[in-house]
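Enquirer: A single structure is presented below for examination.
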Amino acid sequence: MEDFIKQVSAAGCDTFIIHARKAWLKGLSPKENREIPPLRYDIAAEIKKNFPHLNIILNGGLTTLPQIQDALKTFDGVMIGREAYNNPWFLTELELALFGTPQPDRADICARMVDYIGTQSSTIHSTTRHMLGLFNGMRGARSFRQILSTEVHTATSARAIMDKALTHLI
Ligand SMILES: Cc1cc2nc3c(=O)[nH]c(=O)nc-3n(C[C@H](O)[C@H](O)[C@H](O)COP(=O)(O)O)c2cc1C
């Protein structure tokens, strides 16, 4: 890995995002490769130590604020995959804790997504399916998910189906 980074950085790349586990190209699916090989943050930290002038971004298994604050003591940044997808609100919690950015309003996000859907020619569901985790942990989150993943298929108005999903929450 060090040799790879040496060669690629000599060619001009100065930022490396390291998913800190081995990918087994034979025997494991992409999904299993995100879960089974052990996380080796120590190896990623060693890379940062040996290449201090490069931006080394840590990726893999980061799901909590304390974990991320700790990683930022060693690394130049973090990349968050599944937690950002499954629980997108987490990103607003990070923004608040790390940069003091006020958290947006969830209903306002939904309204803006409805506007966005209006600009798209694809189905309503192709966008709303990525929003299912927006209210995770709150009462009514399950109804929100259900409406946006089932009834949405017969909906003709994004605003109407979003309003219906939100009645369970707000
Ligand atoms: C919805 C989703 C799509 C992803 N797509 C790709 C991809 O196209 N190429 C890739 O190299 N990794 C992809 N990944 C993997 C992530 O980049 C990341 O390396 C991996 O999820 C480990 O980080 P995590 O533990 O924070 O999820 C994807 C992950 C998720 C959750």
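Ligands are numbered from 1 in the order shown, chains are lettered A, B, ... in the order of the structure tokens, and residues start at 1 in each chain.
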Compile the contact shell of Trp24 of chain A as a ChimeraX atom specification: residues with an atom at most 9 Å away, counting only C-alpha atoms, same-chain residues fewer than 5 positions apart removed.

Expert: /A:29-30,33,37

Enquirer: Keeping only N, CA and C atoms, write the selected residues to a file as a JSON list (two decimals), in the first residue's frame.

Expert:
```
[["chain", "number", "residue", "atom", "x", "y", "z"],
["A", 29, "SER", "N", -18.79, -10.59, -1.66],
["A", 29, "SER", "CA", -19.54, -9.63, -2.47],
["A", 29, "SER", "C", -19.14, -8.22, -2.02],
["A", 30, "PRO", "N", -19.49, -7.19, -2.81],
["A", 30, "PRO", "CA", -19.20, -5.82, -2.36],
["A", 30, "PRO", "C", -19.79, -5.52, -0.99],
["A", 33, "ASN", "N", -17.77, -7.19, 1.58],
["A", 33, "ASN", "CA", -16.49, -6.50, 1.71],
["A", 33, "ASN", "C", -16.59, -5.24, 2.57],
["A", 37, "PRO", "N", -14.12, -8.04, 6.25],
["A", 37, "PRO", "CA", -12.69, -7.83, 6.54],
["A", 37, "PRO", "C", -12.52, -6.83, 7.70]]
```

Enquirer: Produce as number ranges by chain the set of residues near ligand 1, where near means within 8 Å with only C-alpha atoms and all ligand atoms considered.

Expert: A: 18-19, 34-35, 59-63, 79-86

Enquirer: Selection from above, C-alpha atoms, as a short mmCIF file (atom, residue, chain, number, x, y, z; two decimals), in the first residue's frame, can you write it?

Expert:
```cif
data_model
loop_
_atom_site.label_atom_id
_atom_site.label_comp_id
_atom_site.auth_asym_id
_atom_site.auth_seq_id
_atom_site.Cartn_x
_atom_site.Cartn_y
_atom_site.Cartn_z
CA ILE A 18 -8.65 5.02 2.50
CA HIS A 19 -11.35 2.44 3.18
CA ARG A 34 -17.98 -3.58 3.66
CA GLU A 35 -18.60 -5.81 6.69
CA ASN A 59 -13.23 5.76 5.57
CA GLY A 60 -14.97 2.65 6.88
CA GLY A 61 -17.19 1.97 9.88
CA LEU A 62 -17.44 5.59 11.06
CA THR A 63 -20.90 6.09 12.55
CA MET A 79 -15.61 9.85 4.56
CA ILE A 80 -18.92 8.44 5.71
CA GLY A 81 -20.79 5.96 3.53
CA ARG A 82 -23.55 3.89 5.03
CA GLU A 83 -24.35 6.09 8.02
CA ALA A 84 -24.83 9.09 5.73
CA TYR A 85 -27.14 7.04 3.54
CA ASN A 86 -29.12 5.26 6.27
#
```

Enquirer: Need to verify the contact set: Arg142 of chain A, 12 Å, only C-alpha atoms, exclusion of same-chain residues closer than 5 positions in sequence. Can you return it as a compact mmCIF listing (two decimals) with C-alpha atoms, in the first residue's frame?

Expert:
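Once written, around22.txt looks like this:
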```txt
# COMPACT_ATOMS: atom_id res chain seq x y z
CA LEU A 132 -36.42 7.01 3.78
CA GLY A 133 -34.03 7.40 6.71
CA LEU A 134 -34.53 11.14 7.13
CA PHE A 135 -36.72 10.79 10.23
CA ASN A 136 -35.10 7.67 11.69
CA GLY A 137 -35.38 7.53 15.46
CA ILE A 147 -45.76 5.77 2.52
CA LEU A 148 -42.68 6.82 0.60
CA SER A 149 -41.81 3.27 -0.35
CA THR A 150 -45.24 1.76 -1.10
CA ALA A 165 -46.04 11.04 4.72
CA LEU A 166 -45.31 14.08 6.86
CA HIS A 168 -47.45 11.24 10.72
CA LEU A 169 -44.53 13.30 11.96
```

Enquirer: Just want the 12 Å neighbourhood of Thr74 of chain A, counted on only C-alpha atoms, with same-chain residues fewer than 6 positions away dropped. Output as a ChimeraX atom specification.

Expert: /A:41-49,52,55-58,67-68

Enquirer: Using only N, CA and C atoms, please write the residues we just selected to a file, as a short mmCIF file (atom, residue, chain, number, x, y, z; two decimals), in the first residue's frame.

Expert:
```cif
data_model
loop_
_atom_site.label_atom_id
_atom_site.label_comp_id
_atom_site.auth_asym_id
_atom_site.auth_seq_id
_atom_site.Cartn_x
_atom_site.Cartn_y
_atom_site.Cartn_z
N TYR A 41 -7.68 0.75 11.14
CA TYR A 41 -7.38 2.18 11.20
C TYR A 41 -5.90 2.40 11.48
N ASP A 42 -5.27 1.41 12.16
CA ASP A 42 -3.85 1.56 12.51
C ASP A 42 -2.98 1.66 11.24
N ILE A 43 -3.36 0.89 10.22
CA ILE A 43 -2.56 0.93 8.98
C ILE A 43 -2.76 2.28 8.29
N ALA A 44 -4.00 2.76 8.28
CA ALA A 44 -4.27 4.08 7.68
C ALA A 44 -3.50 5.17 8.43
N ALA A 45 -3.43 5.04 9.76
CA ALA A 45 -2.70 6.03 10.57
C ALA A 45 -1.21 6.00 10.25
N GLU A 46 -0.72 4.83 10.00
CA GLU A 46 0.69 4.68 9.65
C GLU A 46 0.98 5.38 8.31
N ILE A 47 0.05 5.26 7.40
CA ILE A 47 0.20 5.95 6.10
C ILE A 47 0.28 7.46 6.34
N LYS A 48 -0.61 7.97 7.18
CA LYS A 48 -0.58 9.41 7.46
C LYS A 48 0.76 9.81 8.09
N LYS A 49 1.25 8.97 8.98
CA LYS A 49 2.53 9.27 9.65
C LYS A 49 3.68 9.29 8.64
N PRO A 52 3.12 12.67 5.72
CA PRO A 52 2.40 13.76 6.40
C PRO A 52 1.95 14.89 5.47
N ASN A 55 -3.00 14.54 1.96
CA ASN A 55 -4.30 14.54 2.65
C ASN A 55 -4.77 13.09 2.73
N ILE A 56 -4.86 12.61 3.95
CA ILE A 56 -5.30 11.23 4.13
C ILE A 56 -6.67 11.27 4.81
N ILE A 57 -7.65 10.73 4.12
CA ILE A 57 -9.04 10.75 4.59
C ILE A 57 -9.40 9.32 5.01
N LEU A 58 -9.92 9.18 6.22
CA LEU A 58 -10.27 7.85 6.72
C LEU A 58 -11.70 7.49 6.35
N GLN A 67 -16.30 8.99 17.60
CA GLN A 67 -15.39 8.24 16.73
C GLN A 67 -14.77 9.17 15.67
N ILE A 68 -15.59 10.04 15.13
CA ILE A 68 -15.13 10.93 14.06
C ILE A 68 -14.22 12.01 14.63
#
```

Enquirer: Among chain A, which ones does DSSP assign to strand (DSSP E or B) (computed from the backbone)? Answer as a ChimeraX atom specification.

Expert: /A:15-19,55-59,77-79

Enquirer: Leaving out segment 3-11 of chain A and any residue of its chain fewer than 5 positions from it, which residues lie within 9 Å of it when counting only C-alpha atoms, given as a VMD selection string?

Expert: chain A and resid 16 47 51 54

Enquirer: Grab the residues selected above and save them as an mmCIF file, in the first residue's frame with N, CA and C atoms.

Expert:
```cif
data_model
loop_
_atom_site.group_PDB
_atom_site.id
_atom_site.type_symbol
_atom_site.label_atom_id
_atom_site.label_comp_id
_atom_site.auth_asym_id
_atom_site.auth_seq_id
_atom_site.Cartn_x
_atom_site.Cartn_y
_atom_site.Cartn_z
ATOM 1 N N PHE A 16 -5.849 11.021 -0.611
ATOM 2 C CA PHE A 16 -6.179 9.593 -0.658
ATOM 3 C C PHE A 16 -7.277 9.320 0.358
ATOM 4 N N ILE A 47 0.052 5.258 7.400
ATOM 5 C CA ILE A 47 0.204 5.949 6.099
ATOM 6 C C ILE A 47 0.277 7.460 6.340
ATOM 7 N N PHE A 51 3.401 9.771 5.356
ATOM 8 C CA PHE A 51 3.183 10.720 4.249
ATOM 9 C C PHE A 51 2.469 11.955 4.799
ATOM 10 N N LEU A 54 0.560 14.515 2.572
ATOM 11 C CA LEU A 54 -0.623 14.135 1.791
ATOM 12 C C LEU A 54 -1.890 14.273 2.631
#
```

Enquirer: Which residue out of A:Ala107, A:Gly118, A:Thr15, A:Ala158 has the minimum interatomic distance to Gly77 of chain A when only C-alpha atoms are used?

Expert: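 That would be A:Thr15, the residue with the smallest distance to Gly77 of chain A.
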
Enquirer: Kindly give the distance, in Å, that separates atom CA of Thr123 of chain A and atom CA of Ala160 of chain A, rounded to a single decimal.

Expert: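 Atom CA of Ala160 of chain A lies at a distance of 14.4 Å from atom CA of Thr123 of chain A.
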
Enquirer: Where in segment 36-168 of chain A does DSSP assign helix (DSSP H, G or I), given as a ChimeraX atom specification?

Expert: /A:41-50,65-74,82-86,89-99,106-118,124-128,141-149,151-154,158-167

Enquirer: Considering only C-alpha atoms, state which residue in the set A:Gln120, A:Cys110, A:Lys26, A:Leu91 is at the smallest distance from Lys164 of chain A.

Expert: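 Closest to Lys164 of chain A, using only C-alpha atoms: A:Cys110.
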